[in-house]
Structure formats: structure tokens, C-alpha cells
Amino acid sequence: MGLIDAYRRKYAFGEDYGTSDYKFGPITLGERPEIIENRGYMPDTSSIMYRIVGGEVKRVVVGPEIPLYLEAREDLTERMIYPMRNGVVDKDDKKAWDVIYEITKYGLTRFKPRDPNFKGFYVTAALSVIAPKYMYEKIFDIHERIDEETKLVKAVTIIPQPLAVAIAHKKPTCVVLESGHGNTQICPISRYPIRRAIITLNRGGGDANVITAEILKDCGYGDLVHEEKLVRMVKERIGLVPRNLDEAIKRARNEPERFRAAFKIPGTKIVIDLGENSWMRFLIGEYAFNPSHEVFESFFKRGMPRPKDVKIGDRIISGMMDMADAIIEAVQRCPVELQPYLYRDILLSGGNFAWKVPPGMEDVAVNAAEKIRLMLEEKGIENVNVILTKDPQYSVWRGCIVYSVAVPDDYEWNWDRMEGWMKFR
Amino acid sequence: MSLHAFLISALKEFFKKRGYQLILPEELKVPSEFLNQIDVAVRDANNLIFVKVFSGPPSRTSFTNTAMKASSLRAYADKIYLAAPKELRIMIDGNVLLENGIGLLLVDRSGKVEEALPPRPTTRRAPIISVNEVATRLVSEVRDEVLSVIDERLSEIVRMRDAITALQSRVSELERRLARLEREIERVTREAPRLVSRGITIEERVAPISEEVAEGLEELPSYLRDNPWVEILSRRGREEK
Ligand SMILES: Nc1ncnc2c1ncn2[C@@H]1O[C@H](COP(=O)(O)OP(=O)(O)OP(=O)(O)O)[C@@H](O)[C@H]1O
Ligand SMILES: [Mg+2]
């Protein structure tokens with residue numbers, strides 16, 4: 001192992017811009033980043049209070065302070081800005097970029113050291129692989145502005161999230177699946193991301209929420225589905241990934257008590273109980289991996305939106321493609337001699353792979369790694385090593401830290417190669 | 001539902017059960033800047049009662065501020081209450097309430113409301129009632145007019161301020177762009193001769209990866225320990241692809 005610069009051993013900084021959460025912090029945090037929701041609240045600037053205090057009151061509030069500013073108002077949803085859709089911020093969405101600026105600044109200033117020798121952090125930011133070039137430019141601009149205001153950024157660079165995952169897991173050659181709230185990126189890596197082989201599916205934890213909401217409606221909890229947070233909680237608590245969907249449904253119908261999905265929402269009096277429909281909990285997990293299973297047709301017919309297709313270059317990738325097909329498709333775009341090595345290590349990262357297997361259900365429910373292995377096996381791809389990352393929500397940040405520590409200080413940012421350090425002073 | 005909204009709905013329930021009549025803020029003849037301060041307004045026979053909700057942040061200062069705001073409503077109501085979640089009881093300064101004649105309602109987690117301190121009736125009605133209705137209306141109309149003019153001016157100022165901020169940020173963005181371009185040009189000029197010579201001489205750069213060895217390697221986070229990427233990445237920019 002190489003030598004590690006003592007300065008960066010203290011002042012390497014990682015930033016993972018996820019659709020639902022922003023994970024950030026310096027290397028000194030150790031194993032886990034800090035997490036805030038990727039959102040900002042814009043207080044009512046026309047209120048008398050705001051006008052009197054003028055510039056003192058914040059225009060965009062982020063992080064744990066948000067609840068202090070919330071008012072019981074109708075326009076809450078307009079004032080709460082979620083800047084990203086599927087990992088991407090629209091180029092001209094000024095409010096969204098203001099939020100990104102605020103969360104970035106919040107993250108950096110939170111860890112401002114007192115050390116007189118501190119000259120700024122080495123920041124590695126991670127964006128979705130499909131982030132367009134303007135996002136790189138904006139993220140650089142934002143860091144430059146923050147550095148002007150605070151002197152907290154010595155150098156900054158940007159890497160794609162899957163590369164960060166491979167780095168965090170010490171695998172120079174592998175396929176990374178990063179599945180967060182908004183989308184799923186499948187990225188073969190051999191020291192560099194193999195860009196022409198990347199597949200993104202327009203599908204992630206958010207889609208599992210969509211089908212969870214449908215199921216809640218079917219079971220008489222239609223009034224709850226407007227609270228996205230609540231639906232997400234229900235999904236995470238009762239959703240199961242079946243070893244084999246048809247088999248799981250059969251068993252759950254025969255033994256309804258054993259598979260009963262019931263739980264009380266913490267802090268409320270609401271109890272959700274799917275009762276004899278408890279077999280539906282398997283639909284939630286299956287949908288994340290294979291929405292093209294025929295059972296979902298009836299949902300689509302009733303108006304549930306299908307995951308959208310994505311266009312990469314001139315190719316269109318169906319949002320309905322199952323995860324195994326997507327892996328195979330990506331690997332086949334790589335040099336033939338590399339392919340067996342790629343299958344050797346398949347890394348699963350991102351919250352949408354965090355599905356749990358409750359004790360006593362191991363015969364029917366599986367975790368994400370086992371599901372992918374089974375799906376690949378069914379398609380004739382065997383001997384693959386599917387690794388479920390231990391803390392899937394933190395991997396990207398960890399990879400960022402390694403990157404910040406290791407890339408030579410004098411390697412300047414290069415737009416052709418999309419790597420190196422961008423410096424502002 | 002936010003805490004604030006929860007408190008308000010519990011309070012409305014409480015007053016409704018007691019046969020008080022809920023009043024919409026629009027129905028009140030109260031200057032608009034005070035309207036924001038009123039969370040619940042009810043009528044009990046001829047008495048007008050206002051409630052101001054205290055939902056945090058949980059500090060004594062913030063409580064006192066809220067109480068002062070509530071007290072500013074005295075001119076317009078017969079009774080004033082401050083309502084707070086029961087958990088915040090310890091933040092409450094009873095003297096402030098007593099001195100200002102403000103009543104206290106505590107709301108517990110289940111939404112149950114109790115009157116912990118009754119309010120002292122205010123005297124606001126006497127003068128207003130004795131003044132001729134027309135005069136009152138005139139006064140309030142004039143005031144509304146003045147306020148609306150001020151309001152307009154303020155909006156204008158806010159709009160101008162926003163426009164200036166937007167311009168400022170546009171300018172500094174352009175400045176940054178320019179600075180970056182200059183740096184890029186400088187870099188290219190600097191590297192050009194080297195790039196040209198690269199075709200003929202293969203320059204072996206064996207620069208050390210870093211200047212210092214970190215003390216205490218064992219403290220490294222797990223993902224940095226024995227990670228082959230550290231080696232790979234530390235050669236970036238020093239190899240030809
Ligand atoms: N135990 C769990 N079971 C199922 N899903 C989970 C679990 N824990 C988290 N998730 C889901 O993972 C998603 C969040 O994952 P993650 O934090 O990786 O996303 P993100 O980085 O914010 O978004 P993205 O990577 O798409 O930009 C949410 O949809 C969440 O519901
Ligand atoms: Mg993510």
C-alpha cells in the first residue's frame with residue numbers, strides 16, 4: 001500500500017449527491033458519513049417578518065433546521081424543493097441549484113476545522129453516471145463560490161458514483177450496480193468506468209414506493225399514500241424479495257398468518273395490516289428487480305405508471321428490463337477477454353438493495369445478492385460472485401474519501417479525461 | 001402533520017366541544033400584520049378570544065418572544081391564551097404570563113387540552129365600543145390604505161433586491177468562468193512544449209506519491225486499508241492511457 005499524505009489523512013472530504021439523501025463529511029468521520037435529506041425549504045419571503053429582517057433570514061433552509069421553519073401551510077409542497085430527479089438537476093432550475101449550493105455549503109461549513117494549518121479540504125464529489133457535463137460545471141462553480149466565501153475548498157474533483165463504490169470495495173475490476181431512490185446504474189469497471197458499456201435503468205426505490213402505494217390502496221389505506229415518507233417506511237418494513245415469486249405467493253396464501261404483514265407506524269396510532277392480502281408484500285420486492293413479471297400487468301392496466309425508458313446516446317433502454325438482463329447487456333459491451341473477470345465480482349450498492357430477510361422466512365425471501373445470483377443463474381450465467389455491500393448507503397462516500405486521499409495533488413482537472421483536481425487559488 | 005398543525009387542530013377541537021364559535025382570520029378586524037400572530041380565534045358570546053401557539057424552538061427566550069407577540073394582540077381581543085405542548089412546560093415562564101394577563105393552555109400528546117392558567121380579561125372593548133362605528137371604520141380603512149401603499153413599496157424593494165442579487169451572482173459566475181479559462185489557457189501553454197517533446201523522448205516521472213507518511217496507519221478507516229485503488233489512483237496523471 002502506498003503512502004498517504006498526512007494532510008489529506010485529515011482533510012479528505014467526500015460528497016455523495018443522491019436523489020433522496022446527501023451524504024457528506026471528512027475522512028475523520030471514519031466509517032460513516034453524515035446524512036441529510038437532499039432538499040431545501042424556501043421560507044415565505046413576502047411575509048412581514050421576512051421583510052423586516054431582510055437579508056438576515058435565510059432564503060433556503062437545509063438540513064435539520066427545516067422543521068423549525070415549517071408552517072402549517074397549503075403551499076408547503078411548493079416551498080419544499082427536491083432538486084434532483086433520478087440523480088440529475090435540470091440545467092436551468094435555479095431554485096434546485098440554490099438548494100444544491102446550500103446543502104454543499106452546509107456540509108463543508110459543518111466540518112470547518114480550527115487548525116491554523118488548514119488550507120481547505122480535498123473534496124471528491126460523486127454524481128450519477130448519467131450526470132451531464134453542465135452538472136460538473138455547476139458543481140465546480142458551487143465549490144468555487146463556497147471557497148471564495150469560506151476558504152474551505154483547496155481542491156475539488158468529481159467522479160461517477162459506481163466508480164466510488166468499486167473503490168470503496170477494493171475491486172479494480174468488477175460490475176457495480178448502484179440502485180438508489182431514483183435510478184439504477186450498471187457500470188462495468190476496470191480501473192476506469194467503461195463508459196460505453198454503462199446501462200442505466202430508470203428504476204429505483206421510488207418505483208418500489210409506487211407499487212407499495214397501490215397495494216396500500218387495495219388494502220384500504222388509500223388515505224395514507226399521499227405521504228411519500230410513510231409509504232417508503234411501509235415498503236422498507238413489509239416489502240420482501242421472493243426467491244421465486246410464484247412459489248412465494250402460493251406459500252403466503254396457504255400460510256397467511258406466517259407471512260402476515262402488520263405493523264404500527266412509530267409515533268402514531270396507525271396500524272397497517274395487509275391481512276389476507278399479505279402475500280402482496282412479495283410483489284414489492286420483486287418489482288424492484290423484475291417489473292416485467294406478468295403479475296404486474298394488472299397494476300399497469302389500472303393506471304400505475306411504468307418505469308420510464310432512458311435514452312443513452314442513441315440507444316433506448318427500457319425501464320422494464322430486469323436486473324439480470326441489464327447486467328448481461330452491460331458486460332457484453334465490454335471486451336470479450338474482460339467479461340469473465342467482470343462477472344467474477346458484481347457489487348450491489350445503494351439503498352434499493354437493502355431489502356431485509358426476516359428470521360424464519362429464509363426459505364421464501366432472499367436478500368438482493370441472492371436474488372441477482374438466482375436471476376443470472378436462470379439465464380445461464382453461473383459462478384458469479386454477487387457481493388452485497390455491507391452498508392450500501394455509505395459506499396459511495398467511502399469511495400470518495402479514498403479518491404480524495406490518493407489522486408496526486410499536482411494532477412490538474414482535465415475535461416477530456418474527466419479527472420484530476422480543480423483548484424481555484 | 002407538523003407539531004404546529006397538530007396543536008391547532010387539538011385546540012379547535014377543544015373550543016368546539018365547549019360550544020365556542022370558531023372565527024376565520026379574514027372575519028377579524030385586525031390589522032394584517034397582527035393576523036399572522038393569531039393561530040386560533042374563537043367567540044364566546046360577546047368575548048373575542050385569541051390563541052397563540054408556542055411550538056418551539058424549546059428555549060426560554062423563544063418562549064418569552066412568543067409571549068410578547070401574544071401580548072401585542074391584547075388591543076384586539078378580550079382574552080389571550082398561549083398554547084404549548086405539555087412537554088415544553090419547563091420552558092414556560094409563569095411570571096411573563098401573569099404580568100401580561102395571558103392564559104395558558106397545555107396540549108398533551110393525545111391532543112387533550114387543559115387550561116393551566118386562566119387569562120385576565122383585557123379592557124380593549126371599552127374604548128372601541130364607545131367610539132362611533134363610522135369613525136372606527138374610517139380609521140381602519142385609512143390604515144389599510146397606508147399599509148397597502150407601504151406593502152407595495154416593500155414588494156418593489158424586495159423585487160429590486162432580488163434582481164440585484166441575481167445580477168451579482170451572474171457577474172461573479174462569469175468572473176469565475178473567466179478565471180477558470182485563464183487558468184486552463186495557462187496550463188495548456190505551460191504543458192504544450194512538454195506534450196510536443198513527449199513524441200520523441202519518453203520521460204519517466206517517478207515522483208513520489210506523497211511527501212509525508214501518515215502517522216498511525218492502523219487508524220485508517222477499513223476501506224482505506226490494503227486497498228489496491230490507493231496505488232492505482234496515486235499514479236493518475238503520471239501514466240499515458
Ligand atoms: N431496508 C430497505 N429496504 C428497501 N429499501 C430500502 C431500505 N433502506 C433504504 N431503502 C430505499 O433506498 C432508497 C434510498 O437509497 P440511497 O440512499 O442509495 O438513494 P439516493 O442516493 O438518495 O438516491 P440516488 O442514488 O437514486 O440518487 C430509498 O428509496 C429507500 O426507501
Ligand atoms: Mg445514491
# chains A, B, ... in the order shown; residues from 1 in each chain; ligands from 1
>>> residues_around(residues="A:Lys133", least_positions_apart="4", cutoff="12 Å", atoms="only C-alpha atoms", output="MDAnalysis selection string")
chainID A and resid 88:91 127:129 137:140 158:160 415:416 418
>>> residues_near_ligand(ligand="ligand 2", cutoff="6 Å", atoms="only C-alpha atoms and all ligand atoms", output="PyMOL selection string")
chain A and resi 18+180+350
>>> closest_residue(among="A:Tyr7, A:Phe24, A:Tyr106, A:Tyr17", to="ligand 1", atoms="only C-alpha atoms and all ligand atoms")
A:Tyr17
>>> select_by_dssp(residues="stretch 120-331 of chain A", states="alpha helix (DSSP H)", output="NGL selection string")
:A and (133-150 or 161-168 or 205-218 or 228-238 or 245-254 or 281-289 or 297-301 or 323-331)
>>> interface_residues(of="chain B", to="chain A", cutoff="8 Å", atoms="only C-alpha atoms", output="MDAnalysis selection string")
chainID B and resid 2 4:5 33 56:57 154:155 158 173 176 180 209:215 220:237
>>> residues_near_ligand(ligand="ligand 1", cutoff="6 Å", atoms="only C-alpha atoms and all ligand atoms", output="PDB file with C-alpha atoms, in the first residue's frame")
ATOM      1  CA  GLY A  18     -28.141  11.186  -4.021  1.00  0.00           C
ATOM      2  CA  THR A  19     -31.664  11.874  -5.179  1.00  0.00           C
ATOM      3  CA  SER A  20     -33.129  11.482  -1.725  1.00  0.00           C
ATOM      4  CA  ASP A  21     -30.143  11.898   0.558  1.00  0.00           C
ATOM      5  CA  ASN A  86     -33.039  10.394 -10.942  1.00  0.00           C
ATOM      6  CA  GLY A  87     -29.727  11.858  -9.941  1.00  0.00           C
ATOM      7  CA  SER A 179     -29.555   1.448  -7.059  1.00  0.00           C
ATOM      8  CA  GLY A 180     -30.793   4.426  -5.096  1.00  0.00           C
ATOM      9  CA  HIS A 181     -34.109   6.140  -4.899  1.00  0.00           C
ATOM     10  CA  GLY A 182     -34.321   7.327  -8.454  1.00  0.00           C
ATOM     11  CA  ASN A 183     -32.434   5.007 -10.712  1.00  0.00           C
ATOM     12  CA  GLY A 205     -36.508   2.629  -4.612  1.00  0.00           C
ATOM     13  CA  GLY A 206     -39.043   5.246  -5.701  1.00  0.00           C
ATOM     14  CA  ARG A 232     -41.370   4.496   1.996  1.00  0.00           C
ATOM     15  CA  GLU A 236     -38.955  -0.888   3.963  1.00  0.00           C
ATOM     16  CA  GLY A 350     -27.449   1.791  -2.827  1.00  0.00           C
ATOM     17  CA  GLY A 351     -30.459   1.743  -0.518  1.00  0.00           C
ATOM     18  CA  ASN A 352     -32.649  -0.093  -3.011  1.00  0.00           C
ATOM     19  CA  ALA A 354     -31.025  -3.100   1.407  1.00  0.00           C
ATOM     20  CA  TRP A 355     -34.032  -5.485   1.454  1.00  0.00           C
ATOM     21  CA  LYS A 356     -34.165  -7.471   4.646  1.00  0.00           C
ATOM     22  CA  GLN A 393     -25.889   3.721   1.566  1.00  0.00           C
TER      23      GLN A 393
END
>>> residues_around(residues="B:Ser55", least_positions_apart="4", cutoff="9 Å", atoms="only C-alpha atoms", output="list of chain:residue names")
B:Leu3, B:His4, B:Leu7, B:Phe63, B:Ala83, B:Ala84, B:Pro85, B:Leu88
>>> write_last_selection(atoms="N, CA, C and O atoms", output="JSON list (two decimals), in the first residue's frame")
[["chain", "number", "residue", "atom", "x", "y", "z"],
["B", 3, "LEU", "N", -46.04, 19.57, 14.13],
["B", 3, "LEU", "CA", -46.43, 19.77, 15.52],
["B", 3, "LEU", "C", -47.41, 20.94, 15.61],
["B", 3, "LEU", "O", -48.43, 20.89, 16.28],
["B", 4, "HIS", "N", -47.05, 21.98, 14.88],
["B", 4, "HIS", "CA", -47.86, 23.19, 14.88],
["B", 4, "HIS", "C", -49.30, 22.88, 14.46],
["B", 4, "HIS", "O", -50.27, 23.23, 15.14],
["B", 7, "LEU", "N", -51.20, 20.90, 17.09],
["B", 7, "LEU", "CA", -51.65, 21.72, 18.22],
["B", 7, "LEU", "C", -52.91, 22.49, 17.83],
["B", 7, "LEU", "O", -53.88, 22.55, 18.57],
["B", 63, "PHE", "N", -39.65, 31.23, 24.11],
["B", 63, "PHE", "CA", -40.96, 31.28, 24.75],
["B", 63, "PHE", "C", -41.36, 32.72, 25.07],
["B", 63, "PHE", "O", -42.45, 33.18, 24.78],
["B", 83, "ALA", "N", -50.82, 28.70, 23.83],
["B", 83, "ALA", "CA", -50.96, 27.24, 23.91],
["B", 83, "ALA", "C", -49.61, 26.63, 23.63],
["B", 83, "ALA", "O", -48.86, 27.11, 22.79],
["B", 84, "ALA", "N", -49.28, 25.55, 24.35],
["B", 84, "ALA", "CA", -47.97, 24.92, 24.15],
["B", 84, "ALA", "C", -48.09, 23.42, 24.38],
["B", 84, "ALA", "O", -48.99, 22.97, 25.10],
["B", 85, "PRO", "N", -47.21, 22.65, 23.76],
["B", 85, "PRO", "CA", -47.20, 21.22, 24.05],
["B", 85, "PRO", "C", -46.81, 21.01, 25.51],
["B", 85, "PRO", "O", -45.97, 21.74, 26.03],
["B", 88, "LEU", "N", -43.22, 21.02, 26.74],
["B", 88, "LEU", "CA", -42.43, 22.25, 26.79],
["B", 88, "LEU", "C", -42.72, 23.06, 28.06],
["B", 88, "LEU", "O", -42.27, 24.19, 28.21]]
>>> residues_around(residues="stretch 328-332 of chain A", least_positions_apart="4", cutoff="8 Å", atoms="only C-alpha atoms", output="list in words")
Val175, Ile186, Cys187, Pro188, Ala197, Ile198, Ile199, Ala324, Val336, Gln339, Leu342 and Tyr343 of chain A
>>> select_by_dssp(residues="stretch 116-194 of chain A", states="strand (DSSP E or B)", output="PyMOL selection string")
chain A and resi 121-127+153-160+173-179+184-190+192-193
>>> write_last_selection(atoms="N, CA and C atoms", output="short mmCIF file (atom, residue, chain, number, x, y, z; two decimals), in the first residue's frame")
data_model
loop_
_atom_site.label_atom_id
_atom_site.label_comp_id
_atom_site.auth_asym_id
_atom_site.auth_seq_id
_atom_site.Cartn_x
_atom_site.Cartn_y
_atom_site.Cartn_z
N PHE A 121 -10.28 21.71 2.21
CA PHE A 121 -10.45 20.27 2.03
C PHE A 121 -10.08 19.85 0.61
N TYR A 122 -9.70 18.58 0.48
CA TYR A 122 -9.64 17.94 -0.84
C TYR A 122 -10.98 17.24 -1.01
N VAL A 123 -11.82 17.81 -1.85
CA VAL A 123 -13.20 17.34 -1.93
C VAL A 123 -13.39 16.45 -3.16
N THR A 124 -13.92 15.25 -2.94
CA THR A 124 -14.36 14.44 -4.07
C THR A 124 -15.87 14.34 -4.01
N ALA A 125 -16.52 14.83 -5.07
CA ALA A 125 -17.98 14.77 -5.15
C ALA A 125 -18.36 13.64 -6.08
N ALA A 126 -19.43 12.90 -5.75
CA ALA A 126 -19.87 11.82 -6.63
C ALA A 126 -21.24 12.15 -7.20
N LEU A 127 -21.34 12.00 -8.54
CA LEU A 127 -22.61 12.22 -9.23
C LEU A 127 -23.00 10.94 -9.95
N VAL A 153 -12.33 25.02 0.41
CA VAL A 153 -12.09 24.05 -0.66
C VAL A 153 -10.71 24.28 -1.27
N LYS A 154 -9.79 23.39 -0.97
CA LYS A 154 -8.45 23.51 -1.56
C LYS A 154 -8.46 22.98 -2.98
N ALA A 155 -9.18 21.88 -3.17
CA ALA A 155 -9.26 21.27 -4.49
C ALA A 155 -10.52 20.43 -4.53
N VAL A 156 -11.08 20.32 -5.73
CA VAL A 156 -12.30 19.51 -5.83
C VAL A 156 -12.26 18.70 -7.11
N THR A 157 -12.83 17.50 -7.06
CA THR A 157 -12.93 16.68 -8.26
C THR A 157 -14.27 15.96 -8.22
N ILE A 158 -14.67 15.44 -9.37
CA ILE A 158 -15.99 14.80 -9.45
C ILE A 158 -15.83 13.42 -10.08
N ILE A 159 -16.44 12.41 -9.49
CA ILE A 159 -16.37 11.06 -10.06
C ILE A 159 -17.78 10.46 -10.13
N PRO A 160 -17.96 9.49 -11.03
CA PRO A 160 -19.26 8.84 -11.08
C PRO A 160 -19.47 7.91 -9.87
N THR A 173 -11.55 -4.44 -10.78
CA THR A 173 -12.30 -4.97 -11.91
C THR A 173 -13.59 -5.59 -11.40
N CYS A 174 -14.70 -5.09 -11.85
CA CYS A 174 -15.98 -5.58 -11.33
C CYS A 174 -17.13 -4.93 -12.09
N VAL A 175 -18.36 -5.38 -11.79
CA VAL A 175 -19.53 -4.66 -12.27
C VAL A 175 -20.21 -4.07 -11.04
N VAL A 176 -20.52 -2.78 -11.11
CA VAL A 176 -21.19 -2.15 -9.97
C VAL A 176 -22.64 -1.87 -10.32
N LEU A 177 -23.53 -2.28 -9.44
CA LEU A 177 -24.93 -1.86 -9.56
C LEU A 177 -25.20 -0.89 -8.43
N GLU A 178 -25.55 0.32 -8.78
CA GLU A 178 -25.86 1.35 -7.78
C GLU A 178 -27.35 1.63 -7.92
N SER A 179 -28.12 1.22 -6.94
CA SER A 179 -29.55 1.45 -7.06
C SER A 179 -30.03 2.29 -5.89
N THR A 184 -31.08 3.12 -11.33
CA THR A 184 -30.13 2.04 -11.11
C THR A 184 -29.07 2.15 -12.18
N GLN A 185 -27.82 2.26 -11.75
CA GLN A 185 -26.72 2.39 -12.70
C GLN A 185 -25.96 1.08 -12.72
N ILE A 186 -25.71 0.56 -13.91
CA ILE A 186 -24.95 -0.68 -14.01
C ILE A 186 -23.68 -0.35 -14.77
N CYS A 187 -22.58 -0.50 -14.10
CA CYS A 187 -21.36 0.07 -14.65
C CYS A 187 -20.19 -0.90 -14.53
N PRO A 188 -19.74 -1.47 -15.64
CA PRO A 188 -18.55 -2.31 -15.60
C PRO A 188 -17.33 -1.41 -15.36
N ILE A 189 -16.40 -1.92 -14.58
CA ILE A 189 -15.23 -1.12 -14.23
C ILE A 189 -13.97 -1.95 -14.37
N SER A 190 -12.98 -1.36 -15.01
CA SER A 190 -11.68 -1.98 -15.00
C SER A 190 -10.69 -0.82 -14.88
N TYR A 192 -10.98 2.01 -14.75
CA TYR A 192 -11.79 3.17 -15.12
C TYR A 192 -13.20 2.67 -15.35
N PRO A 193 -14.19 3.52 -15.22
CA PRO A 193 -15.52 3.10 -15.64
C PRO A 193 -15.49 2.85 -17.15
#
>>> closest_residue(among="A:Arg306, A:Lys151, A:Arg333, A:Arg373", to="A:Lys105", atoms="only C-alpha atoms")
A:Lys151
>>> closest_residue(among="A:Ala288, A:Ile387, A:Ile194, A:Leu245", to="A:Val210", atoms="only C-alpha atoms")
A:Ala288
